file entry11.cif (mmCIF, C-alpha atoms and all ligand atoms)
data_final
loop_
_atom_site.label_atom_id
_atom_site.label_comp_id
_atom_site.auth_asym_id
_atom_site.auth_seq_id
_atom_site.Cartn_x
_atom_site.Cartn_y
_atom_site.Cartn_z
CA MET A 96 0.00 0.00 0.00
CA GLY A 97 1.39 3.40 -0.95
CA ARG A 98 1.87 6.13 1.68
CA ARG A 99 -0.45 8.93 0.59
CA HIS A 100 -3.27 11.02 1.94
CA LEU A 101 -6.71 10.85 0.43
CA GLU A 102 -7.62 14.10 -1.26
CA ALA A 103 -11.13 15.46 -0.74
CA GLU A 104 -12.09 14.89 -4.39
CA ASP A 105 -10.90 11.27 -4.18
CA ILE A 106 -13.64 10.63 -1.63
CA VAL A 107 -16.56 12.39 -3.30
CA ARG A 108 -16.86 14.92 -6.14
CA TYR A 109 -19.23 16.36 -8.70
CA GLU A 110 -18.44 16.09 -12.39
CA GLU A 111 -20.23 18.41 -14.83
CA ASP A 112 -19.55 15.89 -17.59
CA GLY A 113 -22.44 13.51 -17.12
CA PRO A 114 -23.37 15.19 -14.85
CA LYS A 115 -22.59 12.79 -12.02
CA VAL A 116 -21.55 12.40 -8.41
CA VAL A 117 -18.46 10.20 -8.20
CA LEU A 118 -17.43 8.57 -4.95
CA LEU A 119 -14.87 6.12 -3.65
CA ASP A 120 -16.89 2.98 -2.90
CA GLN A 121 -16.16 2.38 0.79
CA ARG A 122 -17.82 -1.05 0.70
CA ARG A 123 -14.89 -2.32 -1.38
CA LEU A 124 -12.12 -1.03 0.92
CA PRO A 125 -9.52 -2.05 1.91
CA ASP A 126 -9.27 -4.64 -0.85
CA GLU A 127 -10.03 -2.43 -3.82
CA GLU A 128 -10.08 1.29 -4.59
CA VAL A 129 -13.07 1.50 -6.93
CA GLU A 130 -15.14 4.55 -7.85
CA LEU A 131 -18.92 4.54 -8.06
CA GLU A 132 -20.67 6.92 -10.46
CA CYS A 133 -24.14 8.17 -9.51
CA ARG A 134 -26.11 9.84 -12.31
CA SER A 135 -29.33 10.54 -10.40
CA VAL A 136 -30.47 11.42 -6.89
CA ALA A 137 -31.93 7.92 -6.58
CA GLU A 138 -28.47 6.44 -7.19
CA VAL A 139 -26.89 8.70 -4.55
CA VAL A 140 -29.62 7.69 -2.09
CA VAL A 141 -28.79 4.01 -2.65
CA ALA A 142 -25.04 4.75 -2.28
CA ILE A 143 -25.70 6.48 1.06
CA ARG A 144 -28.11 3.82 2.32
CA GLU A 145 -25.78 0.97 1.39
CA LEU A 146 -22.72 2.74 2.87
CA ALA A 147 -20.76 3.19 -0.35
CA ILE A 148 -20.28 6.59 1.27
CA ARG A 149 -20.78 6.91 5.01
CA GLY A 150 -19.80 8.99 8.02
CA ALA A 151 -21.98 11.94 9.04
CA PRO A 152 -20.12 14.88 7.39
CA ALA A 153 -19.33 12.87 4.22
CA ILE A 154 -22.96 11.94 3.62
CA GLY A 155 -23.86 15.62 4.11
CA VAL A 156 -21.34 16.53 1.39
CA ALA A 157 -22.63 13.76 -0.90
CA ALA A 158 -26.19 15.02 -0.37
CA ALA A 159 -25.10 18.56 -1.29
CA TYR A 160 -23.61 17.29 -4.57
CA ALA A 161 -26.76 15.20 -5.13
CA LEU A 162 -28.95 18.30 -4.82
CA ALA A 163 -26.75 20.04 -7.40
CA LEU A 164 -27.22 16.97 -9.61
CA ALA A 165 -31.00 17.14 -9.12
CA ASP A 166 -30.96 20.81 -10.11
CA ALA A 167 -28.86 20.14 -13.21
CA ARG A 168 -31.19 17.32 -14.27
CA GLY A 169 -34.31 19.37 -13.64
CA GLU A 170 -35.49 17.04 -10.87
CA ASP A 171 -37.87 18.27 -8.18
CA LEU A 172 -35.63 19.67 -5.42
CA ASP A 173 -38.11 19.17 -2.58
CA GLU A 174 -38.57 15.54 -3.51
CA ALA A 175 -34.81 15.08 -3.87
CA ALA A 176 -34.19 16.60 -0.43
CA THR A 177 -36.87 14.40 1.16
CA LEU A 178 -35.38 11.24 -0.34
CA LEU A 179 -31.83 12.19 0.66
CA THR A 180 -32.76 13.15 4.24
CA ALA A 181 -34.53 9.83 4.73
CA ALA A 182 -31.56 7.79 3.45
CA ARG A 183 -29.98 7.71 6.92
CA PRO A 184 -31.95 9.11 9.87
CA THR A 185 -29.35 9.54 12.63
CA ALA A 186 -26.70 11.82 11.07
CA VAL A 187 -28.04 15.37 11.21
CA ASN A 188 -25.43 16.55 8.69
CA LEU A 189 -27.64 15.30 5.85
CA ALA A 190 -30.47 17.68 6.68
CA TRP A 191 -28.01 20.43 7.58
CA ALA A 192 -26.18 20.27 4.23
CA LEU A 193 -29.43 20.16 2.26
CA GLY A 194 -30.70 23.20 4.20
CA GLN A 195 -27.50 25.07 3.30
CA MET A 196 -27.97 24.22 -0.39
CA ARG A 197 -31.58 25.25 -0.81
CA ASP A 198 -31.01 28.85 -1.92
CA ASP A 199 -28.08 28.02 -4.21
CA PRO A 200 -28.15 24.39 -5.38
CA THR A 201 -25.12 24.74 -7.65
CA PRO A 202 -22.06 22.50 -7.92
CA ALA A 203 -19.88 25.49 -6.93
CA HIS A 204 -21.84 25.88 -3.69
CA ALA A 205 -21.62 22.15 -2.94
CA ARG A 206 -17.84 22.28 -3.53
CA ALA A 207 -17.56 25.25 -1.17
CA LEU A 208 -19.46 23.32 1.53
CA HIS A 209 -17.15 20.36 0.96
CA GLU A 210 -14.02 22.53 1.31
CA GLU A 211 -15.41 24.17 4.44
CA GLU A 212 -16.14 20.77 6.00
CA VAL A 213 -12.51 19.72 5.46
CA GLU A 214 -11.27 23.04 6.88
CA ARG A 215 -13.46 22.48 9.95
CA CYS A 216 -11.75 19.11 10.43
CA ARG A 217 -8.30 20.69 10.30
CA ALA A 218 -9.33 23.34 12.82
CA MET A 219 -10.85 20.81 15.24
CA ALA A 220 -7.81 18.54 14.88
CA ALA A 221 -5.53 21.38 15.93
CA HIS A 222 -7.67 21.98 19.05
CA ALA A 223 -7.87 18.26 19.81
CA ALA A 224 -4.14 17.64 19.52
CA GLU A 225 -3.62 20.15 22.36
CA LEU A 226 -5.27 17.63 24.67
CA PHE A 227 -2.75 14.88 23.90
CA ALA A 228 0.25 14.47 26.23
CA PRO A 229 3.47 13.13 24.69
CA GLY A 230 3.37 9.34 24.29
CA THR A 231 -0.43 9.12 24.02
CA ARG A 232 -1.92 5.73 23.17
CA ALA A 233 -5.39 6.55 21.85
CA LEU A 234 -8.31 4.24 21.16
CA THR A 235 -10.80 5.03 18.40
CA HIS A 236 -14.01 3.41 17.19
CA CYS A 237 -15.67 3.13 13.79
CA ASN A 238 -14.21 5.42 11.14
CA ALA A 239 -14.17 9.15 11.74
CA GLY A 240 -11.41 9.68 9.22
CA ALA A 241 -11.09 11.39 5.85
CA LEU A 242 -13.48 8.82 4.39
CA ALA A 243 -16.15 9.84 6.88
CA THR A 244 -15.85 13.62 6.52
CA GLY A 245 -14.93 14.08 2.87
CA GLY A 246 -11.30 14.80 3.78
CA TYR A 247 -8.83 14.91 6.72
CA GLY A 248 -11.17 13.41 9.33
CA SER A 249 -12.55 14.41 12.72
CA ALA A 250 -11.36 11.87 15.32
CA VAL A 251 -8.76 10.44 12.92
CA GLY A 252 -7.87 14.01 11.91
CA ALA A 253 -7.08 14.67 15.58
CA LEU A 254 -4.88 11.57 15.59
CA ARG A 255 -3.13 12.70 12.40
CA THR A 256 -2.32 16.12 13.83
CA ALA A 257 -1.21 14.59 17.14
CA TRP A 258 1.08 12.22 15.19
CA GLU A 259 2.55 15.08 13.15
CA ARG A 260 3.23 16.98 16.39
CA GLY A 261 5.02 13.96 17.86
CA VAL A 262 2.66 13.42 20.80
CA LEU A 263 0.88 10.26 19.60
CA GLU A 264 2.55 6.92 20.22
CA ARG A 265 -0.02 4.57 18.72
CA VAL A 266 -3.70 3.98 18.05
CA TRP A 267 -5.88 1.07 19.14
CA VAL A 268 -8.52 0.59 16.44
CA GLY A 269 -11.74 -1.12 17.53
CA GLU A 270 -12.84 -3.32 14.63
CA THR A 271 -16.46 -2.05 14.99
CA ARG A 272 -18.89 -4.89 14.57
CA PRO A 273 -20.96 -5.55 12.57
CA LEU A 274 -19.65 -3.73 9.47
CA LEU A 275 -16.03 -3.35 10.53
CA GLN A 276 -15.55 0.33 9.70
CA GLY A 277 -12.67 0.36 12.21
CA SER A 278 -10.67 -2.56 10.86
CA ARG A 279 -11.53 -1.99 7.18
CA LEU A 280 -11.41 1.81 6.96
CA THR A 281 -9.65 3.40 9.95
CA ALA A 282 -6.81 0.86 9.90
CA TRP A 283 -6.49 1.46 6.14
CA GLU A 284 -6.28 5.23 6.65
CA LEU A 285 -3.75 4.94 9.49
CA GLU A 286 -1.65 2.48 7.53
CA THR A 287 -1.73 4.77 4.52
CA ALA A 288 -0.64 7.70 6.71
CA GLY A 289 2.11 5.64 8.39
CA ILE A 290 0.63 6.00 11.90
CA PRO A 291 1.41 3.09 14.27
CA HIS A 292 -1.75 1.21 15.17
CA ALA A 293 -3.21 -2.17 16.05
CA VAL A 294 -6.69 -3.48 15.35
CA ILE A 295 -8.49 -5.01 18.33
CA ALA A 296 -11.75 -6.89 18.70
CA ASP A 297 -14.24 -4.45 20.22
CA SER A 298 -14.43 -6.65 23.30
CA ALA A 299 -10.68 -6.23 23.95
CA ALA A 300 -11.06 -2.56 24.96
CA ALA A 301 -11.93 -3.29 28.60
CA SER A 302 -8.89 -5.37 29.40
CA LEU A 303 -6.60 -2.96 27.53
CA MET A 304 -7.89 -0.10 29.66
CA ALA A 305 -7.53 -2.19 32.82
CA ALA A 306 -3.92 -2.88 31.85
CA GLY A 307 -3.25 0.87 31.55
CA GLU A 308 -2.65 0.66 27.79
CA VAL A 309 -5.14 3.37 26.78
CA ASP A 310 -4.56 7.07 27.55
CA CYS A 311 -7.67 8.43 25.86
CA VAL A 312 -10.61 7.45 23.67
CA VAL A 313 -11.47 9.69 20.73
CA THR A 314 -14.48 9.17 18.46
CA GLY A 315 -16.58 11.10 16.00
CA ALA A 316 -20.32 11.78 16.25
CA ASP A 317 -23.42 11.47 14.10
CA ARG A 318 -25.59 13.86 16.06
CA ILE A 319 -25.00 15.86 19.21
CA ALA A 320 -28.01 17.13 21.16
CA ALA A 321 -28.02 20.61 22.73
CA ASN A 322 -27.00 19.17 26.12
CA GLY A 323 -24.00 17.28 24.67
CA ASP A 324 -25.57 13.80 24.54
CA THR A 325 -23.92 12.22 21.51
CA ALA A 326 -25.06 9.58 19.03
CA ASN A 327 -22.26 7.64 17.35
CA LYS A 328 -21.60 4.15 16.00
CA ILE A 329 -23.00 1.32 18.11
CA GLY A 330 -20.43 0.41 20.76
CA THR A 331 -19.37 4.00 21.46
CA TYR A 332 -21.48 4.10 24.62
CA SER A 333 -19.81 0.93 25.97
CA LEU A 334 -16.41 2.56 25.44
CA ALA A 335 -17.53 5.69 27.29
CA VAL A 336 -18.71 3.61 30.26
CA LEU A 337 -15.44 1.68 30.26
CA ALA A 338 -13.42 4.88 29.99
CA ARG A 339 -15.22 6.40 32.99
CA HIS A 340 -14.62 3.25 35.06
CA HIS A 341 -10.91 3.28 34.21
CA ARG A 342 -10.52 7.08 34.51
CA VAL A 343 -9.55 7.41 30.86
CA PRO A 344 -10.59 10.69 29.14
CA PHE A 345 -13.32 10.22 26.53
CA TYR A 346 -13.25 12.79 23.72
CA VAL A 347 -15.70 13.43 20.88
CA ALA A 348 -14.45 15.35 17.82
CA ALA A 349 -17.18 16.73 15.57
CA PRO A 350 -17.97 19.83 13.52
CA PHE A 351 -20.78 22.21 14.43
CA SER A 352 -22.74 20.74 11.49
CA THR A 353 -23.19 17.64 13.71
CA ILE A 354 -24.78 19.59 16.57
CA ASP A 355 -28.58 19.60 16.50
CA PRO A 356 -29.68 22.54 18.67
CA ALA A 357 -33.33 21.58 18.12
CA LEU A 358 -32.94 18.45 20.25
CA PRO A 359 -32.66 19.12 23.99
CA SER A 360 -31.20 15.69 24.81
CA GLY A 361 -30.10 12.40 23.34
CA GLU A 362 -33.33 10.47 23.91
CA HIS A 363 -34.82 12.44 21.00
CA ILE A 364 -32.15 11.34 18.51
CA PRO A 365 -33.59 8.88 15.97
CA ILE A 366 -31.53 5.68 15.94
CA GLU A 367 -31.25 3.90 12.61
CA GLU A 368 -32.00 0.18 12.60
CA ARG A 369 -30.32 -1.69 9.79
CA ASP A 370 -30.73 -4.99 7.98
CA PRO A 371 -30.43 -8.04 10.27
CA ALA A 372 -28.22 -9.63 7.60
CA GLU A 373 -25.41 -7.27 8.67
CA VAL A 374 -25.26 -8.96 12.08
CA ARG A 375 -26.10 -12.43 10.85
CA GLY A 376 -23.23 -12.70 8.38
CA VAL A 377 -19.63 -11.52 8.22
CA GLY A 378 -17.70 -11.77 4.97
CA GLY A 379 -20.26 -14.15 3.51
CA GLN A 380 -19.99 -16.44 6.53
CA GLN A 381 -23.17 -17.17 8.50
CA THR A 382 -22.68 -16.27 12.18
CA ALA A 383 -26.21 -16.89 13.50
CA PRO A 384 -28.97 -19.32 12.57
CA ALA A 385 -31.09 -17.95 9.75
CA GLU A 386 -34.20 -18.40 11.98
CA SER A 387 -32.84 -16.34 14.90
CA PRO A 388 -34.25 -12.84 15.14
CA VAL A 389 -31.63 -10.10 15.08
CA PHE A 390 -31.71 -6.56 16.44
CA ASN A 391 -29.32 -4.23 14.63
CA PRO A 392 -29.25 -0.62 15.88
CA ALA A 393 -26.51 1.22 13.98
CA PHE A 394 -25.86 3.85 16.66
CA ASP A 395 -26.08 4.42 20.40
CA VAL A 396 -26.24 7.52 22.54
CA THR A 397 -23.53 8.43 25.03
CA SER A 398 -24.70 10.65 27.84
CA ALA A 399 -22.92 14.02 28.02
CA ALA A 400 -21.97 13.15 31.60
CA LEU A 401 -19.57 10.52 30.26
CA ILE A 402 -17.87 12.83 27.74
CA THR A 403 -14.74 14.60 28.99
CA ALA A 404 -14.75 17.12 26.13
CA ILE A 405 -16.37 17.77 22.75
CA ILE A 406 -13.89 19.22 20.30
CA THR A 407 -15.24 21.35 17.46
CA GLU A 408 -13.73 23.76 14.94
CA ARG A 409 -14.61 26.53 17.41
CA GLY A 410 -12.63 25.00 20.26
CA VAL A 411 -12.90 22.56 23.15
CA PHE A 412 -16.22 22.36 25.03
CA ARG A 413 -16.48 20.76 28.47
CA PRO A 414 -19.50 19.85 30.58
CA PRO A 415 -22.00 21.32 31.19
CA TYR A 416 -22.22 21.73 27.41
CA HIS A 417 -23.51 25.01 25.97
CA PHE A 418 -22.70 25.38 22.29
CA GLY A 419 -24.22 28.85 21.99
O1 LIG B 501 -22.68 3.88 9.88
P1 LIG B 501 -21.54 4.82 9.60
O2 LIG B 501 -20.31 4.11 9.13
O3 LIG B 501 -21.93 5.96 8.71
O4 LIG B 501 -21.19 5.43 11.03
C1 LIG B 501 -20.24 6.46 11.10
C2 LIG B 501 -19.92 6.86 12.49
O5 LIG B 501 -20.51 6.44 13.44
C3 LIG B 501 -18.89 7.94 12.62
O6 LIG B 501 -18.20 7.82 13.82
C4 LIG B 501 -19.59 9.30 12.59
O7 LIG B 501 -20.38 9.42 11.44
C5 LIG B 501 -18.62 10.40 12.63
S1 LIG B 501 -17.75 10.55 11.13
C6 LIG B 501 -16.69 11.82 11.24
#
call {"tool": "encode", "arguments": {"input": "entry11.cif", "output": "structure tokens"}}
result
Amino acid sequence: MGRRHLEAEDIVRYEEDGPKVVLLDQRRLPDEEVELECRSVAEVVVAIRELAIRGAPAIGVAAAYALALADARGEDLDEAATLLTAARPTAVNLAWALGQMRDDPTPAHARALHEEEVERCRAMAAHAAELFAPGTRALTHCNAGALATGGYGSAVGALRTAWERGVLERVWVGETRPLLQGSRLTAWELETAGIPHAVIADSAAASLMAAGEVDCVVTGADRIAANGDTANKIGTYSLAVLARHHRVPFYVAAPFSTIDPALPSGEHIPIEERDPAEVRGVGGQQTAPAESPVFNPAFDVTSAALITAIITERGVFRPPYHFG
């Protein structure tokens, strides 16, 4: 694997020739780097729903490009926005990005939103890296990297900046059952960036913390309520509980586009339930009897009380959270 950083347009872009939205198909990583071309809003909706592109800020960016595509094709913009918003219910960035695009649904505006999202990541990473002491061994969950934000990354962006500043020793990467965004995507990004890391089974986090091998946990977020309660990939809440028990700081890195001021607390955040087949099978191998019912919530909510700090592009927020 070559040592290179993903550019924003490698992850998702709009091409006038077509027109089309082109994205790196994250379902095929790390084995293959294959692009997917979407020539209609319906195709972008499928790409978002099936996780060809995923991660809260990145699906917001993809939705912005999709609205530009709808406009170019003369599709009904209200209908397009409704379909896109419904593609994944938990990440508020989808609705946020579409709201931003309404008055100017042009490719140039979508590109500007994309660039701003990446800049926000760089700014939050600089704030986050300040929290890392030299020699930090950080644990992360899911993928909150460049792939998830359209460039640079939120939690992984913080790790990148900390590594460049010489304060990060290594990263523990939770594999993130059931779809393995940690082992497939975060490990791929860290390997590509040359950052020392090791993939662990999600269930290994507790004993690693007990052994004093974890100095902080840093994750991204899909939606943050006004009081700081945070929805993120299923398993994040368990890590926050473990971190509190072991007195390990638990950090969330997310842009303001992930904060939903309309929701007073986390119990109001809609939690996406996904296809039971995702839990029932891994890599084509059956892991549960076909007759057994499966419950597959894609996200959980971590109470603000368990979060040491929320790092945004505007700085570091600590409890009690007021994002103003
Ligand atoms: O289901 P996914 O892969 O879209 O879930 C993504 C996450 O939970 C990320 O941690 C979150 O979107 C933050 S991305 C910067």
call {"tool": "closest_residue", "arguments": {"input": "entry11.cif", "among": "A:Glu259, A:Asp324, A:Asp120, A:Asp297", "to": "Gly277 in chain A", "atoms": "only C-alpha atoms"}}
result
A:Asp297
call {"tool": "atom_distance", "arguments": {"input": "entry11.cif", "atom1": "CA of Leu101 in chain A", "atom2": "CA of Leu146 in chain A"}}
result
18.1 Å
call {"tool": "residues_near_point", "arguments": {"input": "entry11.cif", "point": "(-13.4, -9.0, 22.8)", "cutoff": "12 Å", "atoms": "all atoms listed in the file", "output": "ChimeraX atom specification"}}
result
/A:269-272,294-303,330
call {"tool": "residues_near_ligand", "arguments": {"input": "entry11.cif", "ligand": "ligand LIG 501 (chain B)", "cutoff": "7 Å", "atoms": "all atoms listed in the file", "output": "CSV table (one decimal) with C-alpha atoms, in the frame of the given file"}}
result
chain,number,residue,atom,x,y,z
A,146,LEU,CA,-22.7,2.7,2.9
A,149,ARG,CA,-20.8,6.9,5.0
A,150,GLY,CA,-19.8,9.0,8.0
A,151,ALA,CA,-22.0,11.9,9.0
A,152,PRO,CA,-20.1,14.9,7.4
A,186,ALA,CA,-26.7,11.8,11.1
A,236,HIS,CA,-14.0,3.4,17.2
A,237,CYS,CA,-15.7,3.1,13.8
A,238,ASN,CA,-14.2,5.4,11.1
A,239,ALA,CA,-14.2,9.2,11.7
A,240,GLY,CA,-11.4,9.7,9.2
A,243,ALA,CA,-16.2,9.8,6.9
A,244,THR,CA,-15.8,13.6,6.5
A,248,GLY,CA,-11.2,13.4,9.3
A,249,SER,CA,-12.6,14.4,12.7
A,250,ALA,CA,-11.4,11.9,15.3
A,276,GLN,CA,-15.6,0.3,9.7
A,314,THR,CA,-14.5,9.2,18.5
A,315,GLY,CA,-16.6,11.1,16.0
A,316,ALA,CA,-20.3,11.8,16.2
A,317,ASP,CA,-23.4,11.5,14.1
A,327,ASN,CA,-22.3,7.6,17.4
A,328,LYS,CA,-21.6,4.2,16.0
A,349,ALA,CA,-17.2,16.7,15.6
A,393,ALA,CA,-26.5,1.2,14.0
A,394,PHE,CA,-25.9,3.8,16.7
call {"tool": "closest_residue", "arguments": {"input": "entry11.cif", "among": "A:His417, A:Arg342, A:Arg375, A:Arg168", "to": "Pro359 in chain A", "atoms": "all atoms listed in the file"}}
result
A:His417
call {"tool": "atom_distance", "arguments": {"input": "entry11.cif", "atom1": "CA of Ala293 in chain A", "atom2": "CA of Ala348 in chain A"}}
result
20.9 Å
call {"tool": "residues_around", "arguments": {"input": "entry11.cif", "residues": "Ala137 in chain A", "least_positions_apart": "5", "cutoff": "9 Å", "atoms": "all atoms listed in the file", "output": "VMD selection string"}}
result
chain A and resid 142 175 178 to 179
call {"tool": "residues_around", "arguments": {"input": "entry11.cif", "residues": "Glu362 in chain A", "least_positions_apart": "4", "cutoff": "9 Å", "atoms": "all atoms listed in the file", "output": "PDB file with C-alpha atoms, in the frame of the given file"}}
result
ATOM      1  CA  ALA A 320     -28.010  17.130  21.160  1.00  0.00           C
ATOM      2  CA  ASP A 324     -25.570  13.800  24.540  1.00  0.00           C
ATOM      3  CA  LEU A 358     -32.940  18.450  20.250  1.00  0.00           C
ATOM      4  CA  VAL A 396     -26.240   7.520  22.540  1.00  0.00           C
TER       5      VAL A 396
END
call {"tool": "closest_residue", "arguments": {"input": "entry11.cif", "among": "A:Val347, A:Ala220, A:Val116, A:Leu208", "to": "Gly252 in chain A", "atoms": "only C-alpha atoms"}}
result
A:Ala220
call {"tool": "residues_around", "arguments": {"input": "entry11.cif", "residues": "range 381-390 of chain A", "least_positions_apart": "5", "cutoff": "9 Å", "atoms": "all atoms listed in the file", "output": "list in words"}}
result
Glu368, Arg369, Asp370, Pro371, Ala372, Val374, Arg375 and Gly376 of chain A
call {"tool": "closest_residue", "arguments": {"input": "entry11.cif", "among": "A:Ala182, A:Ala165, A:Val268, A:Ile364", "to": "Val136 in chain A", "atoms": "all atoms listed in the file"}}
result
A:Ala165
